[in-house]
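Chemist: Okay, here's the structure, questions in a sec.
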Amino acid sequence: MIKDPLWSTVLGWLLTCLGFVGNIFIISLIISKKPLIKQKTNWFLLSLSLADLGVTLSLFPSNFFCLPNKFCRYVLLASSQWAFITTSVINLCMFTLDRYIAITKPFKYLHFTSTNRVTVSLICIAWIVPFTFNFLPFTFIYSEQKVIALKYYTYFMVVTFEFVPTIFLILVTTHMVFIVVKLTRATTVVMAQLQYNQPATEGGSVAQLRQENGRRLTSLLFIVSIVVFFLICYSVTIATTCCTTFKLCQYYPLAFLLQKILLCANSAFNPFAYGFLKHDIKREVKRLLGTASHDG
């Protein structure tokens, strides 16, 4: 077995530790704080954090403990790793869809989230579908037609869990940006008209509109940062797939190593994005740190 370079091992374990601590913290924070768990958007983040925690634990730690062991079943290990990776991808798509509807169709979103059924159903789909398809090869791996079956199965998995989610995230996020920019400009025009009509003082309506603009832009920044960082990290996975599955380019072993590191980096980045860019989680983190400093 070829050992990974020292720099990649150190970096991989550093990202693993950051991802483990960060995702555990976000999971614990959302579960323990009633204002957070009441928000259905945070249910998607909770689910995404659980998936990212699975990705974090299934990459470097699993390889470290399993691969040197002669009893390690590599096929089962690889299926588990890709199950968590694809679950993380689909959870991100579900979260982005939730935010897209909330920003572009707020009235429909109120109806959409009026019950827990829709949110729970989407989260269940984000877990059940990836795990089902990633362990599907065990139903035909010992059959006579396993080579052909595995070939078409690989094509299906690549299209379904790599190409489609990537295109979906790019299109939805881009459209979200255009909608928010349009709404922000329209709101700015309304504020200017109100200030012109009331030059002596800023009415409550102006302050409310300015606050609404700020919330909308902050929410957009939060979503865009998560999606863009994911696309950067996932781009190597897609490039590697094009080289190995579709034979479109030459495959380099370094790409596989970089793929693992970037997937781990994506799972480590998300908790920090939640803490710094999502206002309700940021508020609870500040309260927690403030309490800790007072206790100290």
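In the structure tokens, chains take the letters A, B, ... in the order shown, each chain's residues start at 1, and ligands count up from 1 in the order shown.
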Using only C-alpha atoms, I'd like a table of the residues in region 121-186 of chain A that come within 10 Å of region 71-78 of chain A; for each, show the closest atom pair and its distance in Å rounded to one decimal, ordered by chain and ascending number, as CSV.
Modeler:
```
residue,atom,partner,partner_atom,distance
A:Asn134,CA,A:Ala78,CA,9.1
A:Phe135,CA,A:Leu76,CA,8.2
A:Pro137,CA,A:Val75,CA,9.5
A:Phe138,CA,A:Leu76,CA,8.9
```
Chemist: Could you write out that same residue set with all heavy atoms as a PDB file, in the first residue's frame?
Modeler:
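Once written, result26.pdb looks like this:
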```pdb
ATOM      1  N   ASN A 134     -25.956   4.106  -2.985  1.00  0.00           N
ATOM      2  CA  ASN A 134     -24.534   3.825  -2.777  1.00  0.00           C
ATOM      3  C   ASN A 134     -24.280   2.389  -2.331  1.00  0.00           C
ATOM      4  O   ASN A 134     -23.188   1.862  -2.540  1.00  0.00           O
ATOM      5  CB  ASN A 134     -23.947   4.803  -1.756  1.00  0.00           C
ATOM      6  CG  ASN A 134     -23.477   6.091  -2.399  1.00  0.00           C
ATOM      7  OD1 ASN A 134     -22.447   6.145  -3.041  1.00  0.00           O
ATOM      8  ND2 ASN A 134     -24.287   7.144  -2.260  1.00  0.00           N
ATOM      9  N   PHE A 135     -25.275   1.766  -1.706  1.00  0.00           N
ATOM     10  CA  PHE A 135     -25.119   0.369  -1.301  1.00  0.00           C
ATOM     11  C   PHE A 135     -25.808  -0.591  -2.264  1.00  0.00           C
ATOM     12  O   PHE A 135     -25.815  -1.802  -2.033  1.00  0.00           O
ATOM     13  CB  PHE A 135     -25.655   0.172   0.122  1.00  0.00           C
ATOM     14  CG  PHE A 135     -24.753   0.739   1.178  1.00  0.00           C
ATOM     15  CD1 PHE A 135     -24.990   2.001   1.718  1.00  0.00           C
ATOM     16  CD2 PHE A 135     -23.638   0.041   1.614  1.00  0.00           C
ATOM     17  CE1 PHE A 135     -24.149   2.540   2.679  1.00  0.00           C
ATOM     18  CE2 PHE A 135     -22.784   0.560   2.573  1.00  0.00           C
ATOM     19  CZ  PHE A 135     -23.038   1.817   3.118  1.00  0.00           C
ATOM     20  N   PRO A 137     -24.809  -1.591  -5.250  1.00  0.00           N
ATOM     21  CA  PRO A 137     -23.930  -2.577  -5.909  1.00  0.00           C
ATOM     22  C   PRO A 137     -23.847  -3.927  -5.193  1.00  0.00           C
ATOM     23  O   PRO A 137     -23.532  -4.936  -5.837  1.00  0.00           O
ATOM     24  CB  PRO A 137     -22.561  -1.874  -5.900  1.00  0.00           C
ATOM     25  CG  PRO A 137     -22.888  -0.431  -5.903  1.00  0.00           C
ATOM     26  CD  PRO A 137     -24.117  -0.290  -5.067  1.00  0.00           C
ATOM     27  N   PHE A 138     -24.121  -3.944  -3.901  1.00  0.00           N
ATOM     28  CA  PHE A 138     -24.048  -5.217  -3.177  1.00  0.00           C
ATOM     29  C   PHE A 138     -25.146  -6.189  -3.616  1.00  0.00           C
ATOM     30  O   PHE A 138     -25.092  -7.374  -3.289  1.00  0.00           O
ATOM     31  CB  PHE A 138     -24.130  -4.970  -1.666  1.00  0.00           C
ATOM     32  CG  PHE A 138     -22.901  -4.326  -1.110  1.00  0.00           C
ATOM     33  CD1 PHE A 138     -22.850  -2.953  -0.909  1.00  0.00           C
ATOM     34  CD2 PHE A 138     -21.776  -5.073  -0.807  1.00  0.00           C
ATOM     35  CE1 PHE A 138     -21.708  -2.350  -0.414  1.00  0.00           C
ATOM     36  CE2 PHE A 138     -20.624  -4.481  -0.309  1.00  0.00           C
ATOM     37  CZ  PHE A 138     -20.583  -3.114  -0.105  1.00  0.00           C
TER      38      PHE A 138
END
```
Chemist: Rank nothing, just name the residue among A:Ala239, A:Leu59, A:Val177, A:Ala268 nearest to Val21 (chain A), using only C-alpha atoms.
Modeler: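 The answer is A:Ala268, which sits nearest to Val21 (chain A).
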Chemist: Which one of A:Lys278, A:Lys260, A:Lys3, A:Lys286 sits closest to Thr41 (chain A) if you count only C-alpha atoms?
Modeler: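 For Thr41 (chain A), the nearest of the given residues is A:Lys278.
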Chemist: Hey, which of A:Cys242, A:Val227, A:Met157, A:Ile261 ends up closest to Trp82 (chain A)? Count only C-alpha atoms.
Modeler: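 Closest residue, counting only C-alpha atoms: A:Met157.
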Chemist: Find the residue from A:Thr132, A:Phe60, A:Asn116, A:Ser219 that sits nearest to Ser8 (chain A); use only C-alpha atoms when measuring.
Modeler: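 Using only C-alpha atoms, the shortest distance to Ser8 (chain A) belongs to A:Phe60.
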Chemist: If you run DSSP on the backbone, which residues of region 32-269 of chain A are alpha helix (DSSP H), as a ChimeraX atom specification?
Modeler: /A:32,34-37,40-58,60-66,74-104,106-112,116-134,146-158,164-197,204-244,253-269
